[in-house]
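Pasted below: entry.cif, mmCIF, C-alpha atoms and all ligand atoms.
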data_protein
#
loop_
_atom_site.label_atom_id
_atom_site.label_comp_id
_atom_site.auth_asym_id
_atom_site.auth_seq_id
_atom_site.Cartn_x
_atom_site.Cartn_y
_atom_site.Cartn_z
CA MET U 1 139.02 196.95 164.92
CA SER U 2 136.75 194.39 166.59
CA LYS U 3 138.02 190.87 167.12
CA ILE U 4 137.11 188.25 164.51
CA VAL U 5 135.30 185.36 166.22
CA THR U 6 133.51 182.59 164.38
CA ILE U 7 130.44 181.03 165.97
CA GLU U 8 132.25 177.70 166.18
CA ARG U 9 135.07 179.25 168.23
CA PHE U 10 132.57 181.21 170.37
CA ILE U 11 130.57 178.06 171.15
CA LEU U 12 133.76 176.28 172.23
CA ASP U 13 135.05 179.25 174.28
CA TYR U 14 131.76 179.85 176.09
CA GLN U 15 130.16 176.45 176.31
CA PRO U 16 128.44 175.88 179.68
CA ASP U 17 130.40 173.86 182.23
CA TYR U 18 128.07 170.87 181.91
CA ALA U 19 128.33 170.87 178.12
CA ARG U 20 130.31 168.07 176.55
CA GLY U 21 130.92 167.63 172.83
CA GLU U 22 127.32 166.55 172.29
CA PHE U 23 125.78 169.93 173.24
CA THR U 24 128.49 171.97 171.55
CA ASN U 25 128.23 169.96 168.34
CA LEU U 26 124.42 170.30 168.39
CA LEU U 27 124.84 174.09 168.25
CA TYR U 28 127.22 173.60 165.29
CA ASP U 29 124.54 171.48 163.59
CA ILE U 30 122.02 174.32 163.94
CA ALA U 31 124.51 176.82 162.51
CA LEU U 32 125.04 174.51 159.53
CA ALA U 33 121.28 174.16 158.97
CA ALA U 34 120.99 177.95 159.09
CA LYS U 35 123.60 178.29 156.33
CA VAL U 36 121.81 175.77 154.11
CA ILE U 37 118.40 177.38 154.65
CA ALA U 38 119.83 180.88 154.12
CA HIS U 39 121.33 179.80 150.81
CA LYS U 40 117.94 178.51 149.64
CA THR U 41 115.76 181.34 150.98
CA ASN U 42 118.04 184.02 149.55
CA ARG U 43 117.42 182.48 146.09
CA ALA U 44 113.67 181.98 146.65
CA GLY U 45 112.62 184.26 143.83
CA LEU U 46 115.26 182.89 141.50
CA THR U 47 114.33 179.33 142.38
CA ASP U 48 110.77 180.18 141.44
CA ILE U 49 111.84 181.73 138.12
CA LEU U 50 114.22 178.86 137.45
CA GLY U 51 111.54 176.38 138.37
CA ARG U 52 108.84 178.04 136.23
CA ALA U 53 108.90 175.10 133.81
CA GLY U 54 106.33 173.09 135.80
CA ALA U 55 106.82 171.70 139.27
CA THR U 56 110.57 171.16 138.97
CA ASN U 57 113.39 173.70 139.07
CA ILE U 58 116.37 174.02 136.73
CA GLN U 59 118.23 171.34 138.69
CA GLY U 60 115.34 169.00 137.99
CA GLU U 61 114.52 168.95 141.73
CA GLN U 62 110.93 168.62 142.81
CA GLN U 63 110.22 172.18 143.93
CA GLN U 64 109.39 172.18 147.65
CA LYS U 65 107.66 174.80 149.74
CA LEU U 66 110.48 176.51 151.61
CA ASP U 67 109.16 175.75 155.07
CA VAL U 68 108.97 172.05 154.21
CA PHE U 69 112.47 172.34 152.76
CA ALA U 70 113.76 174.02 155.95
CA ASP U 71 112.11 171.39 158.14
CA ASP U 72 113.65 168.59 156.06
CA ILE U 73 117.13 170.17 156.23
CA ILE U 74 117.07 170.51 160.03
CA PHE U 75 115.79 166.96 160.47
CA ARG U 76 118.35 165.43 158.10
CA ILE U 77 121.24 167.34 159.70
CA CYS U 78 120.19 166.31 163.22
CA ASP U 79 118.54 162.88 163.03
CA HIS U 80 121.66 160.69 162.80
CA THR U 81 124.23 162.53 164.97
CA GLY U 82 123.49 160.69 168.20
CA ARG U 83 123.02 164.00 170.00
CA LEU U 84 119.21 164.01 170.17
CA CYS U 85 116.60 161.68 171.63
CA ALA U 86 113.63 163.48 170.03
CA MET U 87 112.63 166.43 167.90
CA ALA U 88 109.44 168.45 167.42
CA SER U 89 108.70 170.75 164.50
CA GLU U 90 105.93 173.19 163.61
CA GLU U 91 105.74 171.33 160.29
CA ARG U 92 105.03 167.89 161.76
CA GLU U 93 101.92 166.76 163.58
CA ASP U 94 103.73 164.38 165.97
CA PHE U 95 107.12 164.60 167.61
CA MET U 96 109.96 162.76 165.87
CA GLN U 97 111.73 159.77 167.35
CA ILE U 98 115.34 159.18 166.32
CA PRO U 99 115.12 156.60 163.51
CA GLU U 100 116.85 153.23 163.76
CA PRO U 101 119.74 152.42 163.59
CA TYR U 102 120.94 155.79 164.91
CA LYS U 103 121.77 156.03 168.63
CA LYS U 104 119.81 158.35 170.89
CA GLY U 105 121.50 161.31 172.52
CA SER U 106 120.53 163.25 175.61
CA TYR U 107 119.06 166.42 174.06
CA VAL U 108 115.72 167.41 172.53
CA LEU U 109 115.37 169.92 169.69
CA VAL U 110 112.12 171.86 169.18
CA TYR U 111 111.91 174.20 166.22
CA ASP U 112 109.86 176.29 163.85
CA PRO U 113 111.86 175.74 160.66
CA LEU U 114 110.66 178.81 158.76
CA ASP U 115 108.36 181.14 160.66
CA GLY U 116 106.53 183.67 158.52
CA SER U 117 107.23 181.75 155.31
CA SER U 118 104.18 183.35 153.67
CA ASN U 119 106.26 186.56 153.67
CA ILE U 120 108.83 185.06 151.29
CA ASP U 121 106.68 185.97 148.28
CA VAL U 122 106.88 189.65 149.25
CA ASN U 123 110.57 189.51 150.20
CA VAL U 124 109.99 190.19 153.89
CA SER U 125 112.48 188.78 156.43
CA ILE U 126 111.62 185.35 157.86
CA GLY U 127 113.16 183.23 160.57
CA THR U 128 113.94 179.89 162.18
CA ILE U 129 113.28 179.52 165.92
CA PHE U 130 114.81 176.72 168.04
CA GLY U 131 114.98 175.50 171.61
CA ILE U 132 117.11 172.75 173.20
CA TYR U 133 116.15 170.69 176.27
CA ARG U 134 117.85 167.83 178.06
CA CYS U 135 115.94 164.56 178.09
CA VAL U 136 113.91 164.14 181.29
CA ASP U 137 114.94 160.56 182.15
CA TRP U 138 118.16 159.18 180.66
CA ASP U 139 116.89 155.60 180.83
CA LEU U 140 113.60 156.44 179.09
CA ARG U 141 114.82 158.87 176.43
CA GLY U 142 112.70 159.75 173.42
CA ARG U 143 109.28 160.12 174.98
CA ILE U 144 106.70 162.91 174.57
CA GLU U 145 107.62 163.92 178.14
CA ASP U 146 111.06 164.88 176.85
CA VAL U 147 109.45 167.27 174.38
CA LEU U 148 106.65 168.80 176.46
CA GLN U 149 108.86 170.71 178.88
CA PRO U 150 108.36 174.30 180.18
CA GLY U 151 110.66 177.04 178.91
CA ARG U 152 112.33 177.19 182.33
CA LYS U 153 114.00 173.85 181.42
CA LEU U 154 115.57 175.11 178.19
CA VAL U 155 119.39 174.82 178.05
CA ALA U 156 119.67 176.83 174.81
CA ALA U 157 117.42 178.80 172.49
CA GLY U 158 117.70 181.18 169.60
CA TYR U 159 116.65 182.25 166.16
CA VAL U 160 118.01 182.69 162.66
CA LEU U 161 116.87 185.81 160.83
CA TYR U 162 116.97 185.60 157.02
CA GLY U 163 116.94 189.31 156.24
CA SER U 164 119.18 191.89 154.59
CA SER U 165 121.83 189.70 156.15
CA THR U 166 121.50 186.32 157.82
CA MET U 167 121.93 186.41 161.60
CA LEU U 168 122.02 183.66 164.21
CA VAL U 169 121.18 184.93 167.72
CA TYR U 170 121.27 182.47 170.62
CA THR U 171 121.68 181.96 174.35
CA THR U 172 122.84 179.06 176.52
CA GLY U 173 121.81 180.90 179.69
CA GLN U 174 124.92 183.09 179.75
CA GLY U 175 123.59 186.13 177.92
CA VAL U 176 122.65 186.64 174.26
CA ASN U 177 125.06 186.92 171.35
CA GLY U 178 124.46 187.58 167.65
CA PHE U 179 126.42 186.31 164.66
CA THR U 180 126.19 187.57 161.09
CA LEU U 181 126.80 185.21 158.17
CA ASP U 182 129.58 186.18 155.78
CA PRO U 183 128.27 184.43 152.66
CA GLU U 184 131.67 184.45 150.96
CA LEU U 185 133.39 182.79 153.91
CA GLY U 186 130.37 180.67 154.84
CA GLU U 187 131.08 181.63 158.45
CA PHE U 188 128.88 183.18 161.14
CA LEU U 189 131.03 185.94 162.68
CA LEU U 190 130.35 187.55 166.09
CA SER U 191 128.68 190.88 165.34
CA HIS U 192 126.43 191.60 168.36
CA GLU U 193 128.12 190.68 171.66
CA ASN U 194 126.12 190.54 174.90
CA MET U 195 122.84 191.84 173.46
CA ARG U 196 120.60 193.64 175.98
CA LEU U 197 117.19 195.27 175.51
CA PRO U 198 117.96 199.02 175.58
CA GLU U 199 116.04 201.61 177.59
CA PRO U 200 113.93 203.53 176.82
CA PRO U 201 112.08 201.16 174.46
CA ALA U 202 111.42 202.60 171.00
CA TYR U 203 108.69 200.40 169.50
CA TYR U 204 105.55 198.43 170.17
CA SER U 205 104.53 195.69 167.71
CA VAL U 206 100.93 194.52 167.37
CA ASN U 207 98.41 193.91 164.58
CA HIS U 208 95.88 196.67 165.23
CA ALA U 209 93.43 195.07 162.76
CA TYR U 210 92.30 192.80 165.62
CA TYR U 211 91.55 195.65 168.07
CA GLU U 212 87.80 194.97 168.15
CA LYS U 213 88.46 191.31 168.98
CA TRP U 214 90.51 192.07 172.11
CA SER U 215 89.26 192.28 175.68
CA PRO U 216 88.69 195.77 177.13
CA ALA U 217 91.85 195.36 179.22
CA THR U 218 93.91 194.52 176.13
CA GLN U 219 92.42 197.51 174.28
CA ARG U 220 93.31 199.69 177.29
CA TYR U 221 96.89 198.37 177.25
CA LEU U 222 97.27 199.23 173.56
CA ARG U 223 95.96 202.75 174.21
CA TRP U 224 98.50 202.97 177.07
CA LEU U 225 101.28 201.97 174.66
CA GLN U 226 100.05 204.69 172.30
CA GLY U 227 100.50 207.31 175.03
CA SER U 228 97.03 207.70 176.53
CA GLU U 229 95.79 205.90 179.67
CA GLY U 230 98.43 207.64 181.76
CA LYS U 231 101.62 206.36 180.11
CA THR U 232 104.60 208.52 180.99
CA GLY U 233 108.06 208.70 179.44
CA GLN U 234 109.24 208.85 175.85
CA PRO U 235 106.51 208.18 173.25
CA MET U 236 106.93 204.92 171.31
CA SER U 237 106.49 204.27 167.61
CA SER U 238 104.66 201.32 166.07
CA ARG U 239 106.42 198.73 163.95
CA TYR U 240 104.77 195.45 162.89
CA ILE U 241 106.43 193.39 160.18
CA GLY U 242 104.17 190.34 160.46
CA SER U 243 107.24 188.14 160.84
CA LEU U 244 107.78 187.21 164.49
CA VAL U 245 111.56 186.77 164.36
CA ALA U 246 112.03 190.09 162.54
CA ASP U 247 109.84 191.97 165.05
CA ILE U 248 111.60 190.34 168.01
CA HIS U 249 115.05 191.07 166.56
CA ARG U 250 114.27 194.77 165.97
CA ASN U 251 112.85 195.13 169.47
CA LEU U 252 115.90 193.35 170.92
CA LEU U 253 118.15 195.93 169.24
CA GLN U 254 116.00 199.05 169.75
CA GLY U 255 113.88 198.16 172.78
CA GLY U 256 110.18 197.49 172.66
CA VAL U 257 107.37 195.00 173.12
CA PHE U 258 105.75 192.50 170.76
CA CYS U 259 102.14 191.57 171.49
CA TYR U 260 99.93 188.87 170.05
CA PRO U 261 96.97 189.03 172.45
CA ALA U 262 94.14 186.62 173.04
CA GLU U 263 91.00 187.36 170.98
CA VAL U 264 87.34 186.57 171.54
CA ASN U 265 87.49 183.66 169.05
CA LYS U 266 91.17 182.86 169.68
CA PRO U 267 91.47 182.70 173.51
CA ASN U 268 95.03 181.38 173.18
CA GLY U 269 96.10 183.80 170.46
CA LYS U 270 98.19 182.54 167.52
CA ILE U 271 101.82 182.12 168.59
CA ARG U 272 102.89 178.55 169.44
CA LEU U 273 104.15 177.98 172.98
CA LEU U 274 106.65 175.12 172.56
CA TYR U 275 108.78 176.17 169.57
CA GLU U 276 108.06 179.90 169.25
CA ALA U 277 107.10 181.68 172.50
CA ALA U 278 109.17 179.66 175.01
CA PRO U 279 112.53 179.74 173.15
CA LEU U 280 112.09 183.47 172.44
CA ALA U 281 111.08 184.05 176.08
CA PHE U 282 114.29 182.37 177.28
CA LEU U 283 116.38 184.48 174.92
CA VAL U 284 114.62 187.77 175.77
CA GLU U 285 114.89 187.07 179.51
CA GLN U 286 118.63 186.53 179.02
CA ALA U 287 118.72 189.97 177.34
CA GLY U 288 117.09 191.58 180.40
CA GLY U 289 113.49 191.38 179.21
CA TYR U 290 110.42 189.32 180.08
CA ALA U 291 107.68 187.33 178.32
CA SER U 292 104.16 186.68 179.58
CA ASN U 293 100.79 185.34 178.46
CA GLY U 294 99.30 188.29 180.35
CA TYR U 295 99.05 186.40 183.65
CA ALA U 296 102.22 184.32 184.04
CA SER U 297 105.73 184.02 182.68
CA ILE U 298 105.85 182.13 179.39
CA MET U 299 108.83 180.26 180.86
CA ASP U 300 106.62 178.69 183.54
CA LEU U 301 103.84 177.44 181.24
CA GLN U 302 103.76 173.64 181.09
CA PRO U 303 102.95 172.57 177.50
CA THR U 304 100.30 169.86 177.21
CA ASP U 305 100.18 169.71 173.41
CA LEU U 306 102.98 170.05 170.83
CA HIS U 307 101.18 172.78 168.90
CA GLN U 308 99.31 174.65 171.61
CA ARG U 309 99.11 178.40 171.26
CA THR U 310 99.55 181.16 173.84
CA PRO U 311 98.86 184.87 174.05
CA LEU U 312 102.26 186.58 174.00
CA TYR U 313 103.62 189.85 175.39
CA ILE U 314 107.44 189.88 175.06
CA GLY U 315 110.13 192.55 175.35
CA ASN U 316 111.18 195.24 177.82
CA ARG U 317 110.25 194.12 181.32
CA SER U 318 108.37 197.31 182.30
CA LEU U 319 106.15 197.16 179.20
CA VAL U 320 105.22 193.51 179.72
CA TYR U 321 104.55 194.06 183.42
CA GLN U 322 102.07 196.81 182.45
CA ALA U 323 100.21 194.35 180.21
CA GLU U 324 99.95 191.94 183.16
CA LYS U 325 98.73 194.78 185.38
CA PHE U 326 95.85 195.71 183.04
CA LEU U 327 94.89 192.09 182.31
CA GLN U 328 95.05 190.99 185.93
CA GLU U 329 92.93 193.97 187.03
CA GLU U 330 90.31 192.85 184.49
CA HIS U 331 90.60 189.26 185.72
CA SER U 332 90.12 190.26 189.33
CA VAL U 333 86.94 192.10 188.29
CA SER U 334 85.42 189.74 185.70
CA GLY U 335 87.14 186.42 186.42
CA SER U 336 87.80 185.87 182.70
CA MET U 337 91.35 184.56 182.51
CA THR U 338 93.37 183.20 179.63
CA THR U 339 95.80 180.67 181.04
CA GLY U 340 97.45 179.96 177.71
P1 LIG U 401 99.03 188.12 161.82
C1 LIG U 401 103.60 184.48 160.72
O1 LIG U 401 102.52 183.81 160.11
C2 LIG U 401 103.33 184.48 162.21
O2 LIG U 401 103.28 183.19 162.71
C3 LIG U 401 104.41 185.29 162.93
O3 LIG U 401 105.64 185.22 162.30
C4 LIG U 401 103.84 186.69 162.93
O4 LIG U 401 104.28 187.47 164.02
C5 LIG U 401 102.33 186.45 163.01
O5 LIG U 401 102.10 185.14 162.48
C6 LIG U 401 101.54 187.45 162.21
O6 LIG U 401 100.17 187.13 162.39
O7 LIG U 401 97.73 187.52 162.34
O8 LIG U 401 99.31 189.49 162.41
O9 LIG U 401 99.16 188.10 160.32
#

Take the structure in the file and give it back as structure tokens.
Ligand code: P6P
Amino acid sequence: MSKIVTIERFILDYQPDYARGEFTNLLYDIALAAKVIAHKTNRAGLTDILGRAGATNIQGEQQQKLDVFADDIIFRICDHTGRLCAMASEEREDFMQIPEPYKKGSYVLVYDPLDGSSNIDVNVSIGTIFGIYRCVDWDLRGRIEDVLQPGRKLVAAGYVLYGSSTMLVYTTGQGVNGFTLDPELGEFLLSHENMRLPEPPAYYSVNHAYYEKWSPATQRYLRWLQGSEGKTGQPMSSRYIGSLVADIHRNLLQGGVFCYPAEVNKPNGKIRLLYEAAPLAFLVEQAGGYASNGYASIMDLQPTDLHQRTPLYIGNRSLVYQAEKFLQEEHSVSGSMTTG
């Protein structure tokens, strides 16, 4: 029988040496937010039915879009704890200062509160993505500089997957561990210890509908993944859920690569660098994988805007390196380069 470890105990037992209560408690806060959001998202359909009488639900609450709800929950759990000096969310145009009279802490939280929320209506898994930085200058905490940091500076990152079960998967730079929520207990229990991308990879994930919009090198890479263009080894299958966290989670468990390439009219692709690509890149690297924009590690990209996008190739190291090989060959010939 496997040991029974709650996420709270795991965080305490494995907290990094530099972590004091502030960092450890911030991870607790995220686990709490995940429980609240899971409770709401798992009733999404029911809430809609219950709320059919106009814009309010049976509790008389103003019915909110779930991603706005998730954003509000994370902010309200984290804004007053004194652990953060700033936050940034996919749902908010500007970064968030810590409101008076609350004291500022030394960490920064960046998050996508509910990625893929459009999939809720069709009951497809969705997710929360988060990253944690330290403030850049203790004496000047709460500036945009604290938020716009490269992934290499992350001290923790992870995701919550609201699927057939609710899972919280995170890293503090000491490997990747997954916890499954027992809804009766209200506890996240350790269910996936020391997660590593397996070899050989089983899947590639991409939206083939955009094939004609990709560069010739990207098209060549996708044909390589499909088994032509000289790919050797075990053939891969295609899986694309259209929910980033779900695709990443499956590839983390089964091995594979997720691609959202640049397109002719979207040179930086669709995935956001700060609160989607960089936290997932940190986590996947900790699981033995790699993440690139096709030319450089996602972890080394310096964000210049809260909501900037980046092309993304993320998963088994060998598969992502091959994408870089094709794209960099094209760059060396044509000079067209997407820096992300
Ligand atoms: P497309 C969801 O909207 C999302 O941001 C990710 O979760 C997902 O991987 C991607 O967009 C899907 O985009 O263009 O294939 O529908």

Practice item. Quick one: pull the distance between CA of Ala246 (chain U) and CA of Asn123 (chain U), Å, one decimal. Key: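 CA of Ala246 (chain U) sits 12.4 Å away from CA of Asn123 (chain U).
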
Review point. Quick one: residues within 7 Å of ligand LIG 401 (chain U), with only C-alpha atoms and all ligand atoms, as a list of chain:residue names?
Key: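 My answer, listing the contacting residues, is U:Asp115, U:Gly116, U:Ser118, U:Asn207, U:Gly242, U:Ser243, U:Leu244, U:Val245, U:Lys270, U:Ile271.
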
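The space separating CA of Arg83 (chain U) from CA of Met195 (chain U) comes to 28.1 Å.
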
Exercise for review: For CA of Val36 (chain U) and CA of Cys85 (chain U), determine how far apart the two atoms are, in Å to one decimal place.
Suggested key: 23.1 Å

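Considering the residues U:Val136, U:Met167, U:Leu27, U:Ile98 and counting all atoms listed in the file, Ser191 (chain U) has its shortest atom-to-atom contact with U:Met167.
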
Exercise for review: For Leu66 (chain U), please output as an NGL selection string all residues within 10 Å (counting only C-alpha atoms; exclusion window: fewer than 5 positions along the same chain).
Suggested key: :U and (37 or 40-41 or 44 or 71-72 or 113-114 or 117-118 or 120)

With C-alpha atoms retained, write the just-selected residues as an mmCIF file, in the frame of the given file.
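After the write, again-v6.cif holds the following:
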data_model
loop_
_atom_site.group_PDB
_atom_site.id
_atom_site.type_symbol
_atom_site.label_atom_id
_atom_site.label_comp_id
_atom_site.auth_asym_id
_atom_site.auth_seq_id
_atom_site.Cartn_x
_atom_site.Cartn_y
_atom_site.Cartn_z
ATOM 1 C CA ILE U 37 118.400 177.380 154.650
ATOM 2 C CA LYS U 40 117.940 178.510 149.640
ATOM 3 C CA THR U 41 115.760 181.340 150.980
ATOM 4 C CA ALA U 44 113.670 181.980 146.650
ATOM 5 C CA ASP U 71 112.110 171.390 158.140
ATOM 6 C CA ASP U 72 113.650 168.590 156.060
ATOM 7 C CA PRO U 113 111.860 175.740 160.660
ATOM 8 C CA LEU U 114 110.660 178.810 158.760
ATOM 9 C CA SER U 117 107.230 181.750 155.310
ATOM 10 C CA SER U 118 104.180 183.350 153.670
ATOM 11 C CA ILE U 120 108.830 185.060 151.290
#

Study note, to complete from the structure: Using only C-alpha atoms, the best pick from U:Tyr221, U:Tyr159, U:Phe75, U:Tyr290 as closest to Gly315 (chain U) would be U:Tyr290

Review point. Counting all atoms listed in the file, what is within 9 Å of Gly158 (chain U), bar same-chain residues fewer than 2 positions away, as a PyMOL selection string?
Key: chain U and resi 128-131+156+160+168-172+176+279-280+282-283

Point to revise | Spatial sel., origin (110.3, 196.7, 168.5), limit 12 Å, all atoms listed in the file, listed as a PyMOL selection string | key: chain U and resi 197-206+236-259+313-316+319

**Study point:** Counting all atoms listed in the file, the option among U:Thr304, U:Asn119, U:Ser332, U:Asn265 closest to Glu212 (chain U)
**Key:**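 The shortest atom-to-atom distance to Glu212 (chain U) comes from U:Asn265.
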
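Ranking U:Glu187, U:Gly163, U:Leu32, U:Leu274 by their shortest atom-to-atom distance to Ala88 (chain U), with all atoms listed in the file included, puts U:Leu274 first.
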
Practice item. Within 8 Å of Ala291 (chain U), counting all atoms listed in the file, which residues show up once you throw out same-chain ones fewer than 6 positions away? Write them as a PyMOL selection string, please. Key: chain U and resi 281+284-285+297-299+312-315+317+320

Could you take the residues named above and write them with C-alpha atoms, as an mmCIF file, in the coordinates of the input?
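That gives us result-v9.cif:
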data_model
loop_
_atom_site.group_PDB
_atom_site.id
_atom_site.type_symbol
_atom_site.label_atom_id
_atom_site.label_comp_id
_atom_site.auth_asym_id
_atom_site.auth_seq_id
_atom_site.Cartn_x
_atom_site.Cartn_y
_atom_site.Cartn_z
ATOM 1 C CA ALA U 281 111.080 184.050 176.080
ATOM 2 C CA VAL U 284 114.620 187.770 175.770
ATOM 3 C CA GLU U 285 114.890 187.070 179.510
ATOM 4 C CA SER U 297 105.730 184.020 182.680
ATOM 5 C CA ILE U 298 105.850 182.130 179.390
ATOM 6 C CA MET U 299 108.830 180.260 180.860
ATOM 7 C CA LEU U 312 102.260 186.580 174.000
ATOM 8 C CA TYR U 313 103.620 189.850 175.390
ATOM 9 C CA ILE U 314 107.440 189.880 175.060
ATOM 10 C CA GLY U 315 110.130 192.550 175.350
ATOM 11 C CA ARG U 317 110.250 194.120 181.320
ATOM 12 C CA VAL U 320 105.220 193.510 179.720
#

Check your understanding: What's the 9 Å shell around Ile144 (chain U), counting only C-alpha atoms, without same-chain residues fewer than 5 positions away, as a list in words?
Key ->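 So, after excluding close chain neighbours, the residues are Ala86, Phe95 and Leu306 of chain U.
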